[in-house]
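J.: My structure is below; once you've seen it, I'll send some questions.
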Amino acid sequence: MQEPRPGRRAVCGLGVIAAAAAVVPAQWARAAPAPSRKLPTLSAAGRPFLAGRLRHTTVLQSFAVDERQGHLYALQLVAGGIRLAGEETAAPHAERVRNGDLCLNRLTLDGSAAGHMYLKGFGHGGSIGLEESADGVTLWTEWDANPSSGYGRGVCRFRFTDGQVLERGSGELGTYHPVIGSTSNFPALDVTHRQLLLRYKRDGIPRFALYDLDRFRAGWFLPLTDFAQPGAELGLPFQGMALYGNYAYQLLGSAYGTGNPAASGGNTRLYRIDLRTGRVVWQHLERTAPGLSPREPEGLAVLRSDGTPRLCLGFVEGPAGGRGFRLYDKALS
């Protein structure tokens, strides 16, 4: 996943934006704990969770897990040369990227294909949220791709229907523009605590905003907190985020290559961010699966089924044109 970097003018405006938009509830500020000196178990390498391939040759962008039904939902950009229902011609990949056309894969937890959808005009697929229910799942994704970048200006929710092609203007979508004038709107959900985390860009500056999920669904967009994305100054690609309780988790980094050799162990960084203060309480260079190639980090999710939440992170592997993915999980404590 790659994004345009902020320009000099946008960076200079960060202080003004932060002062105007930062919102931290008083009860959270009082409750913020002192930093712990204990190394969290999150520092350990992840254990293998799932390996697989997606429908297209393009790479995994993000994923979510339906633990109730045993499904993985994974986003990727539509590959070139694919003609979808209702299209007169097969568009090249570059056009799919500009349009924000996505393929939503459903897999079983042994990696087998179990359905797919197409999302036209949605975005880059930087994050995906999931609400489980007895009769299916509701998925949350980036939506309303900006034609100048291919990144979404809002978010949406919809039910999974195998084989369906959804257009950005479909009446089956619940749609939201929470931050007018923004782009790169990536949603993550914590259904246990009924919260939604939005990562967005305004004037080129990446930010996080936290919302009450049920109020957000009703169209009330007053954030519980809003702050500049930590770590953006490193210039590393943003590769995923997850949310659980008082903390957000983010993944930054790039594939092995020039300036990031495999011998170095890679530049992938994992963060824990306290949403009560907007501050990083822990970060480290992620050393899970250093032998993968090209080992591009792609996606974060939280697993909750065994009663102890775990963080699941993804990496791309395999040769160009034949990319697969591998997911790993680790204790969230």
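Each chain in the structure tokens gets a letter, A, B, ..., in the order shown, and its residues are numbered from 1; ligands are numbered from 1 in order too.
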Extract, using only C-alpha atoms, all DNA, RNA and protein residues at most 12 Å from A:Gln164, discarding same-chain residues fewer than 5 positions from it, and format them as JSON, numbers by chain.

T.: {"A": [84, 85, 86, 103, 104, 105, 115, 116, 117, 118, 119, 120, 158, 159, 170, 172]}

J.: Go ahead and write the residues just picked, N, CA, C and O atoms, as a short mmCIF file (atom, residue, chain, number, x, y, z; two decimals), in the first residue's frame.

T.:
data_model
loop_
_atom_site.label_atom_id
_atom_site.label_comp_id
_atom_site.auth_asym_id
_atom_site.auth_seq_id
_atom_site.Cartn_x
_atom_site.Cartn_y
_atom_site.Cartn_z
N LEU A 84 -15.61 -6.54 -15.83
CA LEU A 84 -16.66 -6.82 -14.87
C LEU A 84 -18.04 -6.69 -15.52
O LEU A 84 -18.18 -6.10 -16.59
N ALA A 85 -19.05 -7.25 -14.87
CA ALA A 85 -20.42 -7.18 -15.37
C ALA A 85 -20.82 -5.74 -15.61
O ALA A 85 -20.61 -4.87 -14.75
N GLY A 86 -21.37 -5.47 -16.80
CA GLY A 86 -21.81 -4.13 -17.14
C GLY A 86 -20.76 -3.27 -17.81
O GLY A 86 -21.06 -2.15 -18.24
N CYS A 103 -11.40 -5.56 -5.25
CA CYS A 103 -11.96 -6.90 -5.15
C CYS A 103 -11.96 -7.29 -3.68
O CYS A 103 -10.93 -7.21 -3.00
N LEU A 104 -13.13 -7.66 -3.18
CA LEU A 104 -13.28 -8.14 -1.80
C LEU A 104 -13.35 -9.65 -1.83
O LEU A 104 -14.30 -10.24 -2.35
N ASN A 105 -12.32 -10.30 -1.29
CA ASN A 105 -12.23 -11.76 -1.24
C ASN A 105 -12.80 -12.29 0.07
O ASN A 105 -12.60 -11.70 1.13
N GLY A 115 -15.81 -17.07 -2.06
CA GLY A 115 -16.64 -16.02 -2.62
C GLY A 115 -15.88 -14.72 -2.80
O GLY A 115 -14.75 -14.56 -2.31
N HIS A 116 -16.51 -13.78 -3.51
CA HIS A 116 -15.89 -12.49 -3.74
C HIS A 116 -16.95 -11.47 -4.14
O HIS A 116 -18.07 -11.83 -4.52
N MET A 117 -16.59 -10.19 -4.05
CA MET A 117 -17.40 -9.09 -4.55
C MET A 117 -16.47 -8.09 -5.23
O MET A 117 -15.25 -8.12 -5.01
N TYR A 118 -17.05 -7.19 -6.03
CA TYR A 118 -16.29 -6.08 -6.60
C TYR A 118 -16.89 -4.77 -6.12
O TYR A 118 -18.12 -4.61 -6.05
N LEU A 119 -16.01 -3.83 -5.77
CA LEU A 119 -16.40 -2.53 -5.22
C LEU A 119 -15.80 -1.46 -6.12
O LEU A 119 -14.60 -1.18 -6.06
N LYS A 120 -16.62 -0.84 -6.96
CA LYS A 120 -16.14 0.11 -7.96
C LYS A 120 -16.26 1.55 -7.47
O LYS A 120 -17.31 1.98 -7.03
N PHE A 158 -21.88 -2.28 4.11
CA PHE A 158 -22.75 -3.08 3.23
C PHE A 158 -22.69 -4.52 3.67
O PHE A 158 -21.79 -4.95 4.41
N ARG A 159 -23.65 -5.33 3.21
CA ARG A 159 -23.67 -6.76 3.47
C ARG A 159 -22.93 -7.49 2.36
O ARG A 159 -22.99 -7.10 1.19
N SER A 170 -24.44 2.88 -5.26
CA SER A 170 -25.44 1.86 -5.03
C SER A 170 -26.32 2.19 -3.83
O SER A 170 -25.84 2.65 -2.78
N GLU A 172 -27.62 0.11 -1.95
CA GLU A 172 -27.42 -0.90 -0.91
C GLU A 172 -26.36 -0.49 0.10
O GLU A 172 -26.10 -1.22 1.06
#

J.: Quick one: which stretch 107-168 of chain A residues come within 12 Å of stretch 216-237 of chain A, and what is the nearest atom pair for each with the distance in Å to one decimal, counting only C-alpha atoms, rows ordered by chain and ascending number, as CSV?

T.:
residue,atom,partner,partner_atom,distance
A:Gly126,CA,A:Pro237,CA,10.8
A:Trp140,CA,A:Arg217,CA,10.8
A:Gly154,CA,A:Phe221,CA,12.0
A:Val155,CA,A:Arg217,CA,10.7
A:Cys156,CA,A:Arg217,CA,9.6
A:Arg157,CA,A:Arg217,CA,9.1
A:Phe158,CA,A:Arg217,CA,12.0

J.: Could you check which of A:His71, A:Arg279, A:Arg106, A:Arg272 is closest to A:Gly163, using only C-alpha atoms?

T.: A:Arg106

J.: Can you list, as a PyMOL selection string, every protein, DNA or RNA residue that comes within 9 Å of A:Thr288 when you count only C-alpha atoms, leaving out same-chain residues fewer than 5 positions away?

T.: chain A and resi 44-47+328

J.: Please produce a file of the residues just selected, as a JSON list (two decimals), in the first residue's frame, where the atoms kept are all heavy atoms.

T.:
[["chain", "number", "residue", "atom", "x", "y", "z"],
["A", 44, "ALA", "N", 6.87, -10.01, 21.08],
["A", 44, "ALA", "CA", 7.28, -11.33, 20.58],
["A", 44, "ALA", "C", 6.90, -11.48, 19.11],
["A", 44, "ALA", "O", 5.98, -10.83, 18.61],
["A", 44, "ALA", "CB", 6.62, -12.43, 21.40],
["A", 45, "ALA", "N", 7.61, -12.36, 18.42],
["A", 45, "ALA", "CA", 7.26, -12.67, 17.02],
["A", 45, "ALA", "C", 5.92, -13.36, 16.97],
["A", 45, "ALA", "O", 5.54, -14.11, 17.87],
["A", 45, "ALA", "CB", 8.34, -13.54, 16.40],
["A", 46, "GLY", "N", 5.16, -13.10, 15.90],
["A", 46, "GLY", "CA", 3.86, -13.73, 15.75],
["A", 46, "GLY", "C", 3.97, -15.19, 15.35],
["A", 46, "GLY", "O", 4.97, -15.63, 14.80],
["A", 47, "ARG", "N", 2.91, -15.93, 15.62],
["A", 47, "ARG", "CA", 2.85, -17.33, 15.22],
["A", 47, "ARG", "C", 1.99, -17.44, 13.95],
["A", 47, "ARG", "O", 1.06, -16.65, 13.75],
["A", 47, "ARG", "CB", 2.25, -18.17, 16.34],
["A", 47, "ARG", "CG", 0.81, -17.83, 16.67],
["A", 47, "ARG", "CD", 0.27, -18.60, 17.86],
["A", 47, "ARG", "NE", -1.15, -18.32, 18.06],
["A", 47, "ARG", "CZ", -1.87, -18.78, 19.07],
["A", 47, "ARG", "NH1", -1.28, -19.56, 19.99],
["A", 47, "ARG", "NH2", -3.16, -18.47, 19.18],
["A", 328, "TYR", "N", -0.06, -13.68, 10.72],
["A", 328, "TYR", "CA", 0.52, -14.13, 11.97],
["A", 328, "TYR", "C", -0.23, -13.46, 13.11],
["A", 328, "TYR", "O", -0.71, -12.33, 12.98],
["A", 328, "TYR", "CB", 2.01, -13.76, 12.05],
["A", 328, "TYR", "CG", 2.82, -14.38, 10.95],
["A", 328, "TYR", "CD1", 2.90, -13.79, 9.68],
["A", 328, "TYR", "CD2", 3.52, -15.57, 11.15],
["A", 328, "TYR", "CE1", 3.63, -14.36, 8.67],
["A", 328, "TYR", "CE2", 4.27, -16.15, 10.13],
["A", 328, "TYR", "CZ", 4.32, -15.55, 8.89],
["A", 328, "TYR", "OH", 5.03, -16.12, 7.89]]

J.: Mind checking which residues fall within 7 Å of A:Gly299, counting only C-alpha atoms, ignoring those fewer than 5 positions away in the same chain, and posting them as an mmCIF file with N, CA and C atoms, in the first residue's frame?

T.:
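Output below, filename out17.cif:
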data_model
loop_
_atom_site.group_PDB
_atom_site.id
_atom_site.type_symbol
_atom_site.label_atom_id
_atom_site.label_comp_id
_atom_site.auth_asym_id
_atom_site.auth_seq_id
_atom_site.Cartn_x
_atom_site.Cartn_y
_atom_site.Cartn_z
ATOM 1 N N GLN A 61 -4.314 -5.839 0.567
ATOM 2 C CA GLN A 61 -4.245 -4.482 1.116
ATOM 3 C C GLN A 61 -4.652 -4.441 2.592
ATOM 4 N N SER A 62 -5.692 -5.162 2.952
ATOM 5 C CA SER A 62 -6.161 -5.197 4.333
ATOM 6 C C SER A 62 -7.073 -6.396 4.503
ATOM 7 N N PHE A 63 -7.409 -6.729 5.766
ATOM 8 C CA PHE A 63 -8.232 -7.913 6.022
ATOM 9 C C PHE A 63 -8.972 -7.773 7.345
ATOM 10 N N GLN A 239 0.420 0.915 6.533
ATOM 11 C CA GLN A 239 0.063 -0.415 6.054
ATOM 12 C C GLN A 239 -1.057 -1.089 6.836
ATOM 13 N N GLY A 240 -1.669 -0.395 7.761
ATOM 14 C CA GLY A 240 -2.789 -1.031 8.447
ATOM 15 C C GLY A 240 -2.977 -0.504 9.847
ATOM 16 N N MET A 241 -4.185 -0.760 10.392
ATOM 17 C CA MET A 241 -4.492 -0.318 11.744
ATOM 18 C C MET A 241 -5.554 -1.234 12.337
ATOM 19 N N LEU A 313 -1.371 -9.781 12.079
ATOM 20 C CA LEU A 313 -0.735 -8.921 11.092
ATOM 21 C C LEU A 313 -0.404 -9.702 9.831
ATOM 22 N N GLY A 314 -0.428 -9.006 8.691
ATOM 23 C CA GLY A 314 -0.246 -9.664 7.408
ATOM 24 C C GLY A 314 1.012 -9.213 6.687
#
